[in-house]
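What follows is a set of notes on a single structure, which appears directly below.
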Amino acid sequence: MTKPDILQVGYYPEWDQVPLDAAFTMHKYFEAEDKAAFLEKVGPSIKGIATRGELGADQAMLDACPNLEVVSVYGVGYDSVDVATCTARGIHVTNTPDVLTNDVADLGVAMMLAQSRGMIGASQWVRDGSWNSKGLYPLQSRVWGKKVGVLGLGRIGFEVAKRLAGFDLEIAYSDVSAKDYAPDWTFIQDPIALAEHADFLFVTLAASAETRHIVNADVLNALGPNGMVINISRAANIDEEALLTALENKTLGAAALDVFEGEPALNPRFLALDNVMVQPHHASGTYETRKAMGKLVHDNLVAHFANQPLLTKVN
Ligand SMILES: O=CC(=O)O
């Protein structure tokens with residue numbers, strides 16, 4: 001039996017690549033020098049796209065694949081896939097939810113703790129001999145007992161809040177409606193009111209046209225000079241220009257960010273700031289989770305071409 005032709009948009013580790021190569025004919029878009037010519041050549045044969053959350057599948061790619069049946073996304077976020085076009089053309093879209101939830105929550109909480117307690121600077125203080133030459137490391141800000149606002153109490157937001165309840169933080173959240181699975185936490189729907197209430201604002205929303213720049217200058221201003229914003233969702237959920245200005249002017253205390261506009265080429269203004277922690281979009285980046293994500297990408301494609309139900313479908 002001939003193997004279905006799949007357009008592979010980005011790199012996968014060997015443990016994912018081997019089973020994909022065994023089941024499908026993989027066409028490596030990311031290795032092509034002339035991407036438009038490559039798409040023109042292989043596009044008509046393509047039945048599936050295997051992509052990553054941040055790479056997606058743009059309009060030109062979808063247009064170049066007239067026989068496309070399924071897009072399998074390695075990632076929970078599928079905002080870079082044109083789902084409306086896919087749905088209109090009867091193309092299935094799958095993603096990798098659940099398997100990454102706990103790791104993403106872990107990294108968010110770790111970023112918040114590390115930034116609050118100045119741990120990266122403190123490590124440098126030891127390494128560069130400042131401990132010996134200058135003495136005590138500057139005092140930092142307490143975490144426990146403060147207030148956290150979780151913007152988006154979905155799977156990841158819930159796990160963040162659950163973890164922070166263990167640090168004796170007071171939990172409040174915003175979402176489209178109050179959640180019956182969060183009876184002990186305070187519902188504050190308006191993002192500005194939530195930020196005003198909170199010391200730490202976690203951004204854990206799935207990105208969409210509706211959530212674009214939901215964290216704007218007013219929200220950052222409400223969080224204030226002692227507040228911290230932590231983003232483990234998508235850069236587009238925050239107005240990055242307003243964020244940079246607030247951090248530069250110290251009208252916002254600090255930020256801990258795993259995602260950036262135009263990543264991996266982030267705005268160099270971030271690098272000049274000492275009140276921001278920057279991370280390379282790796283909240284799901286553990287061996288265990290990435291293997292589970294790769295397996296879901298593969299298993300969804302296999303299910304589709306075996307006419308079985310998709311495991312984790314988006315549309
Ligand atoms: O950003 C990562 C993901 O969407 O899984």
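Just so we're on the same page: first chain in the structure tokens is A, next is B, and so on; residues restart at 1 for each chain, and ligands are numbered from 1 in the order they show up.
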- [ ] Tell me which protein, DNA and RNA residues are within 10 Å of Gly152 of chain A, counting only C-alpha atoms, leaving out same-chain ones fewer than 2 positions away, and put them as an NGL selection string.
- [x] :A and (149-150 or 154-158 or 173-176 or 189 or 191 or 202-206 or 233)
Task: Backbone-only DSSP, strand (DSSP E or B) members of segment 191-278 of chain A, as JSON, numbers by chain - done: {"A": [200, 201, 202, 203, 215, 228, 229, 230, 231, 238, 254, 255, 256, 257, 276, 277, 278]}
Expected file contents, prior selection, all heavy atoms, as a compact mmCIF listing (two decimals), in the first residue's frame:
# COMPACT_ATOMS: atom_id res chain seq x y z
N PHE A 200 0.47 39.17 41.03
CA PHE A 200 1.00 38.39 39.90
C PHE A 200 -0.14 38.15 38.93
O PHE A 200 -1.20 37.66 39.34
CB PHE A 200 1.52 37.03 40.37
CG PHE A 200 2.62 37.12 41.40
CD1 PHE A 200 2.34 36.94 42.75
CD2 PHE A 200 3.93 37.37 41.02
CE1 PHE A 200 3.34 37.03 43.70
CE2 PHE A 200 4.94 37.45 41.97
CZ PHE A 200 4.65 37.28 43.31
N LEU A 201 0.07 38.46 37.66
CA LEU A 201 -0.96 38.20 36.65
C LEU A 201 -0.43 37.14 35.68
O LEU A 201 0.54 37.37 34.95
CB LEU A 201 -1.30 39.48 35.88
CG LEU A 201 -2.42 39.34 34.85
CD1 LEU A 201 -3.78 39.14 35.54
CD2 LEU A 201 -2.49 40.56 33.93
N PHE A 202 -1.08 35.98 35.70
CA PHE A 202 -0.71 34.89 34.79
C PHE A 202 -1.56 34.96 33.54
O PHE A 202 -2.79 34.99 33.64
CB PHE A 202 -0.96 33.53 35.46
CG PHE A 202 0.26 32.95 36.08
CD1 PHE A 202 0.61 33.27 37.39
CD2 PHE A 202 1.08 32.09 35.37
CE1 PHE A 202 1.74 32.74 37.96
CE2 PHE A 202 2.21 31.55 35.94
CZ PHE A 202 2.55 31.87 37.25
N VAL A 203 -0.93 34.92 32.36
CA VAL A 203 -1.68 34.93 31.11
C VAL A 203 -1.68 33.50 30.57
O VAL A 203 -0.65 32.97 30.17
CB VAL A 203 -1.06 35.91 30.10
CG1 VAL A 203 -1.97 36.05 28.88
CG2 VAL A 203 -0.82 37.27 30.75
N VAL A 215 -4.16 41.94 27.29
CA VAL A 215 -3.34 42.61 28.30
C VAL A 215 -2.76 43.85 27.62
O VAL A 215 -1.78 43.79 26.89
CB VAL A 215 -2.22 41.67 28.83
CG1 VAL A 215 -1.34 42.40 29.83
CG2 VAL A 215 -2.84 40.43 29.47
N MET A 228 3.75 41.77 38.70
CA MET A 228 4.49 40.99 37.71
C MET A 228 3.51 40.31 36.77
O MET A 228 2.50 39.74 37.22
CB MET A 228 5.33 39.91 38.41
CG MET A 228 6.16 39.08 37.43
SD MET A 228 6.91 37.62 38.20
CE MET A 228 7.97 38.36 39.38
N VAL A 229 3.81 40.34 35.47
CA VAL A 229 3.00 39.59 34.51
C VAL A 229 3.82 38.39 34.06
O VAL A 229 5.03 38.49 33.83
CB VAL A 229 2.55 40.48 33.32
CG1 VAL A 229 3.71 40.97 32.46
CG2 VAL A 229 1.55 39.74 32.43
N ILE A 230 3.16 37.23 33.97
CA ILE A 230 3.82 35.99 33.55
C ILE A 230 3.06 35.49 32.33
O ILE A 230 1.84 35.25 32.41
CB ILE A 230 3.78 34.92 34.68
CG1 ILE A 230 4.46 35.44 35.94
CG2 ILE A 230 4.45 33.63 34.22
CD1 ILE A 230 3.51 35.88 37.01
N ASN A 231 3.74 35.32 31.20
CA ASN A 231 3.05 34.86 29.98
C ASN A 231 3.58 33.52 29.53
O ASN A 231 4.73 33.40 29.10
CB ASN A 231 3.17 35.89 28.85
CG ASN A 231 2.20 35.59 27.71
OD1 ASN A 231 1.41 34.65 27.78
ND2 ASN A 231 2.26 36.39 26.65
N ILE A 238 -0.59 39.83 24.74
CA ILE A 238 -0.13 41.06 25.40
C ILE A 238 0.26 42.08 24.33
O ILE A 238 0.88 41.72 23.32
CB ILE A 238 1.11 40.78 26.30
CG1 ILE A 238 0.77 39.74 27.38
CG2 ILE A 238 1.62 42.06 26.95
CD1 ILE A 238 1.87 39.49 28.40
N ALA A 254 7.66 43.88 36.94
CA ALA A 254 8.48 42.84 36.31
C ALA A 254 7.63 42.00 35.36
O ALA A 254 6.40 42.03 35.40
CB ALA A 254 9.07 41.93 37.38
N ALA A 255 8.33 41.24 34.52
CA ALA A 255 7.66 40.29 33.63
C ALA A 255 8.49 39.02 33.56
O ALA A 255 9.72 39.06 33.69
CB ALA A 255 7.49 40.89 32.23
N ALA A 256 7.80 37.91 33.36
CA ALA A 256 8.46 36.62 33.12
C ALA A 256 7.78 36.04 31.89
O ALA A 256 6.58 35.76 31.91
CB ALA A 256 8.30 35.71 34.33
N LEU A 257 8.54 35.90 30.80
CA LEU A 257 7.94 35.64 29.49
C LEU A 257 8.56 34.43 28.81
O LEU A 257 9.80 34.35 28.70
CB LEU A 257 8.14 36.87 28.59
CG LEU A 257 7.71 38.21 29.17
CD1 LEU A 257 8.22 39.36 28.29
CD2 LEU A 257 6.18 38.27 29.29
N VAL A 276 12.98 41.76 33.64
CA VAL A 276 12.26 40.78 32.84
C VAL A 276 13.05 39.48 32.77
O VAL A 276 14.27 39.50 32.61
CB VAL A 276 11.93 41.32 31.42
CG1 VAL A 276 13.17 41.68 30.64
CG2 VAL A 276 11.11 40.33 30.62
N MET A 277 12.34 38.36 32.94
CA MET A 277 12.95 37.05 32.70
C MET A 277 12.51 36.58 31.33
O MET A 277 11.31 36.59 31.04
CB MET A 277 12.49 36.05 33.76
CG MET A 277 12.80 34.63 33.33
SD MET A 277 12.25 33.42 34.50
CE MET A 277 13.55 33.56 35.69
N VAL A 278 13.47 36.19 30.52
CA VAL A 278 13.14 35.72 29.17
C VAL A 278 13.46 34.23 29.04
O VAL A 278 14.49 33.78 29.50
CB VAL A 278 13.89 36.53 28.08
CG1 VAL A 278 13.37 37.95 28.04
CG2 VAL A 278 15.39 36.53 28.29
TODO: Using only C-alpha atoms and all ligand atoms, pick whichever of A:Asp180, A:Glu40, A:Glu241, A:Asp79 has the shortest atom-to-atom distance to ligand 1.
DONE: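 The shortest atom-to-atom distance to ligand 1 comes from A:Asp79.
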TODO: Go through the chains and note each residue within 7 Å of ligand 1, using only C-alpha atoms and all ligand atoms, then give the set as a PyMOL selection string.
DONE: chain A and resi 53-54+74-78+96+233+281+284
Applying 9 Å and only C-alpha atoms, which residues near segment 57-73 of chain A remain after dropping the ones on its own chain fewer than 5 positions away? List them as a tab-separated table (two decimals) with C-alpha atoms, in the first residue's frame.
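So selection-v8.tsv came out as:
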chain	number	residue	atom	x	y	z
A	9	VAL	CA	6.63	21.95	8.28
A	36	ALA	CA	7.58	28.21	-2.89
A	39	LEU	CA	5.31	23.60	-2.33
A	40	GLU	CA	4.45	23.88	-6.01
A	42	VAL	CA	4.83	18.43	-3.81
A	43	GLY	CA	1.60	20.31	-2.97
A	44	PRO	CA	-0.80	18.31	-5.20
A	45	SER	CA	0.31	15.00	-3.65
A	46	ILE	CA	-0.02	16.19	-0.03
A	47	LYS	CA	-2.81	14.57	2.02
A	48	GLY	CA	-1.66	15.68	5.47
A	49	ILE	CA	0.37	18.44	7.13
A	50	ALA	CA	2.42	17.80	10.27
A	51	THR	CA	3.35	21.09	11.86
A	52	ARG	CA	4.27	22.69	15.16
A	78	TYR	CA	-3.30	26.19	16.86
A	80	SER	CA	-1.19	29.87	13.50
A	81	VAL	CA	-3.37	27.45	11.53
A	82	ASP	CA	-6.22	28.95	9.54
A	85	THR	CA	-10.30	27.82	5.96
A	86	CYS	CA	-9.64	24.22	6.97
A	89	ARG	CA	-12.59	22.91	2.97
A	90	GLY	CA	-13.45	19.88	5.14
A	91	ILE	CA	-9.86	19.56	6.39
A	92	HIS	CA	-9.53	18.14	9.91
A	93	VAL	CA	-7.23	19.85	12.41
A	94	THR	CA	-5.77	18.10	15.48
A	95	ASN	CA	-3.57	19.37	18.33
A	96	THR	CA	-1.87	17.99	21.46
A	296	LEU	CA	-0.24	12.27	19.37
A	297	VAL	CA	0.82	13.98	16.12
A	298	HIS	CA	1.62	10.55	14.67
A	300	ASN	CA	-3.85	11.41	14.87
A	301	LEU	CA	-2.45	11.09	11.34
A	304	HIS	CA	-7.23	9.72	10.02
A	313	LYS	CA	-9.56	17.08	17.16
Open item on the list: Using only C-alpha atoms, can you tell me which of A:His197, A:Pro183, A:His282, A:Asn275 comes closest to Gly118 of chain A?
Closed with: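 Among the listed residues, the smallest separation from Gly118 of chain A belongs to A:Asn275.
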